[in-house]
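File shown: model-v7.txt (compact mmCIF, C-alpha atoms).
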```
# COMPACT_ATOMS: atom_id res chain seq x y z
CA MET S 1 0.00 0.00 0.00
CA SER S 2 1.56 3.29 -1.03
CA GLN S 3 1.56 6.19 1.37
CA THR S 4 0.56 9.72 0.43
CA PRO S 5 3.10 12.42 1.36
CA PHE S 6 0.25 14.51 2.82
CA PRO S 7 -2.40 13.57 5.37
CA LEU S 8 -5.84 12.93 3.95
CA SER S 9 -7.68 14.80 6.70
CA PRO S 10 -8.67 18.36 5.84
CA SER S 11 -6.17 21.06 6.68
CA LEU S 12 -7.06 24.29 8.48
CA TRP S 13 -6.72 25.93 5.06
CA ALA S 14 -9.35 23.63 3.53
CA ALA S 15 -11.66 24.03 6.52
CA THR S 16 -11.62 27.85 6.53
CA ALA S 17 -10.75 29.01 2.99
CA ALA S 18 -13.21 30.30 0.43
CA ALA S 19 -14.40 27.62 -1.96
CA PRO S 20 -11.69 26.79 -4.51
CA PRO S 21 -12.28 27.50 -8.18
CA ASP S 22 -13.83 24.70 -10.20
CA THR S 23 -10.93 23.13 -12.04
CA GLN S 24 -10.79 20.16 -14.36
CA PRO S 25 -7.94 17.79 -15.19
CA LEU S 26 -5.99 18.65 -18.31
CA ALA S 27 -7.65 16.36 -20.83
CA GLN S 28 -6.13 17.54 -24.09
CA SER S 29 -3.03 19.12 -25.54
CA THR S 30 -2.59 22.79 -24.90
CA GLN S 31 0.04 25.38 -25.63
CA ALA S 32 1.56 27.97 -23.38
CA ASP S 33 4.64 30.12 -23.15
CA VAL S 34 5.26 28.87 -19.62
CA LEU S 35 4.10 25.79 -17.72
CA VAL S 36 3.97 26.21 -13.95
CA VAL S 37 3.87 22.96 -11.96
CA GLY S 38 2.32 23.34 -8.53
CA GLY S 39 -0.50 25.52 -7.25
CA GLY S 40 1.03 26.61 -3.97
CA TYR S 41 2.07 30.17 -3.12
CA ALA S 42 5.14 30.16 -5.35
CA GLY S 43 3.39 28.58 -8.35
CA LEU S 44 0.32 30.79 -8.08
CA SER S 45 2.43 33.92 -7.70
CA THR S 46 4.60 32.95 -10.67
CA ALA S 47 1.58 32.24 -12.87
CA LEU S 48 -0.21 35.44 -11.84
CA HIS S 49 2.79 37.72 -12.39
CA LEU S 50 3.56 36.16 -15.77
CA ALA S 51 -0.09 36.39 -16.89
CA GLU S 52 -0.18 40.07 -15.84
CA GLN S 53 2.72 40.61 -18.27
CA GLY S 54 0.80 38.97 -21.12
CA VAL S 55 2.56 35.61 -20.95
CA ARG S 56 0.36 32.59 -21.79
CA VAL S 57 0.57 30.41 -18.68
CA VAL S 58 -0.75 26.96 -17.84
CA LEU S 59 -0.66 25.98 -14.18
CA LEU S 60 -0.85 22.29 -13.25
CA GLU S 61 -1.66 21.10 -9.72
CA ALA S 62 -1.93 17.41 -8.84
CA ARG S 63 -4.47 17.91 -6.06
CA GLU S 64 -6.17 21.24 -5.38
CA ILE S 65 -4.91 24.81 -5.17
CA GLY S 66 -2.95 25.29 -1.94
CA PHE S 67 -3.06 21.59 -1.04
CA GLY S 68 0.56 21.03 -0.06
CA GLY S 69 2.80 23.07 2.19
CA SER S 70 1.09 26.33 1.26
CA GLY S 71 -2.14 25.06 2.78
CA ARG S 72 -0.48 23.73 5.89
CA ASN S 73 1.38 26.74 7.20
CA GLY S 74 0.30 29.03 10.00
CA GLY S 75 -1.12 31.62 7.61
CA GLN S 76 1.45 34.18 8.65
CA VAL S 77 2.88 36.71 6.23
CA ILE S 78 6.19 37.75 7.77
CA PRO S 79 8.65 39.81 5.75
CA GLY S 80 12.30 38.88 5.68
CA LEU S 81 14.60 36.04 4.78
CA LYS S 82 16.58 33.46 6.70
CA TYR S 83 19.36 36.01 7.18
CA ASP S 84 19.09 39.40 8.86
CA PRO S 85 20.05 42.65 7.07
CA ASP S 86 23.65 42.85 8.31
CA ALA S 87 24.34 39.26 7.17
CA LEU S 88 22.76 39.87 3.74
CA ILE S 89 24.89 42.97 3.21
CA ALA S 90 28.00 41.09 4.32
CA MET S 91 27.21 38.23 1.91
CA PHE S 92 26.22 40.28 -1.15
CA GLY S 93 28.02 43.59 -0.70
CA GLY S 94 26.66 47.06 -0.12
CA GLU S 95 24.44 47.82 -3.12
CA ARG S 96 23.20 44.29 -3.84
CA GLY S 97 22.80 43.51 -0.15
CA GLU S 98 20.80 46.70 0.45
CA ARG S 99 18.60 45.88 -2.56
CA LEU S 100 17.96 42.41 -1.16
CA VAL S 101 17.14 43.84 2.29
CA ARG S 102 14.62 46.26 0.70
CA PHE S 103 13.08 43.38 -1.25
CA ALA S 104 12.85 41.12 1.82
CA GLY S 105 11.38 43.91 3.93
CA ALA S 106 8.66 44.57 1.34
CA THR S 107 7.49 40.98 0.79
CA ALA S 108 4.46 41.30 3.08
CA ASP S 109 3.51 44.53 1.29
CA SER S 110 3.53 42.60 -1.98
CA VAL S 111 1.12 40.00 -0.62
CA PHE S 112 -1.32 42.55 0.80
CA ASN S 113 -1.13 44.66 -2.38
CA LEU S 114 -2.08 41.58 -4.45
CA ILE S 115 -5.04 40.90 -2.16
CA GLU S 116 -6.24 44.47 -2.59
CA ARG S 117 -5.54 44.78 -6.33
CA HIS S 118 -7.39 41.57 -7.16
CA ALA S 119 -10.11 41.99 -4.50
CA MET S 120 -9.29 38.50 -3.23
CA ASP S 121 -11.86 36.94 -0.93
CA VAL S 122 -9.36 35.97 1.74
CA PRO S 123 -9.25 36.86 5.42
CA HIS S 124 -6.30 39.14 6.03
CA VAL S 125 -5.14 41.36 8.88
CA ARG S 126 -1.98 43.39 9.29
CA ASN S 127 -1.16 43.65 12.97
CA GLY S 128 2.60 43.23 12.97
CA TRP S 129 4.70 40.32 14.12
CA ILE S 130 6.05 39.36 17.51
CA GLN S 131 9.11 37.14 17.66
CA GLY S 132 9.11 35.42 21.00
CA ALA S 133 12.30 34.72 22.90
CA HIS S 134 12.48 31.72 25.21
CA ASN S 135 15.97 32.25 26.63
CA PRO S 136 18.59 35.03 26.96
CA ALA S 137 20.33 34.11 23.68
CA ALA S 138 17.03 34.25 21.75
CA LEU S 139 16.21 37.59 23.41
CA GLU S 140 19.59 38.97 22.35
CA LEU S 141 18.97 37.80 18.78
CA ALA S 142 15.49 39.38 18.75
CA HIS S 143 16.92 42.70 19.96
CA ALA S 144 19.68 42.61 17.33
CA ARG S 145 17.16 41.71 14.61
CA ALA S 146 14.85 44.56 15.60
CA ALA S 147 17.75 47.04 15.63
CA GLN S 148 18.95 45.93 12.18
CA TRP S 149 15.50 46.19 10.60
CA ALA S 150 14.87 49.56 12.30
CA ARG S 151 18.09 50.90 10.73
CA HIS S 152 16.57 49.93 7.36
CA GLY S 153 13.30 51.77 7.96
CA ALA S 154 11.10 49.04 9.45
CA ASP S 155 8.93 49.88 12.44
CA ALA S 156 10.72 47.25 14.52
CA GLN S 157 11.22 47.56 18.24
CA PRO S 158 11.90 45.30 21.20
CA LEU S 159 8.98 44.68 23.52
CA ASP S 160 9.17 43.85 27.21
CA LYS S 161 7.13 41.11 28.87
CA ALA S 162 4.31 43.49 29.90
CA GLN S 163 3.99 44.91 26.37
CA VAL S 164 3.82 41.42 24.85
CA ALA S 165 1.23 40.31 27.44
CA ARG S 166 -0.93 43.34 26.62
CA LEU S 167 -0.70 42.74 22.87
CA ILE S 168 -1.39 39.00 22.88
CA GLY S 169 -3.70 38.81 25.88
CA ALA S 170 -1.61 36.30 27.82
CA ASP S 171 1.34 36.51 30.14
CA ARG S 172 3.04 33.24 29.24
```

Final structure tokens representation of the file:
Amino acid sequence: MSQTPFPLSPSLWAATAAAPPDTQPLAQSTQADVLVVGGGYAGLSTALHLAEQGVRVVLLEAREIGFGGSGRNGGQVIPGLKYDPDALIAMFGGERGERLVRFAGATADSVFNLIERHAMDVPHVRNGWIQGAHNPAALELAHARAAQWARHGADAQPLDKAQVARLIGADR
């Protein structure tokens, strides 16, 4: 008996998302300038941006839109990359590093702009992001991260325990 790489029970995405579009299996030959395989965030974004530029796109998804990892995340839209601004600038040099930092810092803006521009029927809220720290080293990292992003124009600031408790409604 073969095992599926994904659980068969509905994900939170499937349980709460708007109804997916009615799609049919590809039953005949078709032509396109670009074939996108996978209907997760990356595939959908690629197909949308290419189509907006007049490129003929076909998107293939084995299951349903957002079925895989895109439908099983926490639904958070957090700007940034694996590396913080100082590390990106060290890796890629001043001009290219700064350009990459600006790009990474604007990724959430891109998502929310797409939602607005296409009047997408998706629940969305912009309330910021809190990075918790569970030990002194993590707290030091969070402070350094906030300082780096603040130097690059982000409204990033460290919060103390009382501020976090007030914002999230819990003191743990």

message: Quick one: residues within 9 Å of segment 101-103 of chain S, only C-alpha atoms, excluding same-chain residues fewer than 4 positions away - as a PyMOL selection string?
response: chain S and resi 80-81+84-86+88-89+96-97+107+149+152

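We find atom CA of His134 of chain S and atom CA of Ala90 of chain S to be spaced 27.7 Å apart.
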
- prompt: How far is it from atom CA of Glu140 of chain S to atom CA of Gln163 of chain S, in Å with one decimal?
  reply: 17.2 Å

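The coordinates place atom CA of Ala119 of chain S at 18.0 Å from atom CA of Ile65 of chain S.
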
Closest of S:Ser29, S:Ile78, S:Arg151, S:Leu48 to Asn127 of chain S - atom-to-atom distances counting only C-alpha atoms: S:Ile78

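With distances restricted to all atoms listed in the file, S:Val37 is the closest residue to Arg63 of chain S from S:Asp171, S:Leu114, S:Val37, S:Ala154.
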
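Of the residues listed (S:Gly39, S:Trp129, S:Glu64, S:Ala51), S:Glu64 shows the shortest atom-to-atom separation from Asp22 of chain S; distances use all atoms listed in the file.
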
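If you measure from each of S:Gly68, S:Ile130, S:Ala47, S:Asn135 to Pro158 of chain S using only C-alpha atoms, the closest one turns out to be S:Ile130.
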
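Of the residues under consideration (S:Ala108, S:Ala18, S:Val58, S:Met120), S:Val58 shows the shortest atom-to-atom contact distance to Thr46 of chain S when counting only C-alpha atoms.
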
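Using all atoms listed in the file, the smallest distance between any of S:Ala137, S:Gln31, S:Gly128, S:Ala106 and Leu167 of chain S comes from S:Gly128.
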
message: List the spatial neighbours of Arg126 of chain S as a PyMOL selection string - criterion: any atom at most 12 Å away, all atoms listed in the file, same-chain residues fewer than 5 positions off excluded.
response: chain S and resi 75-79+108-109+111-113
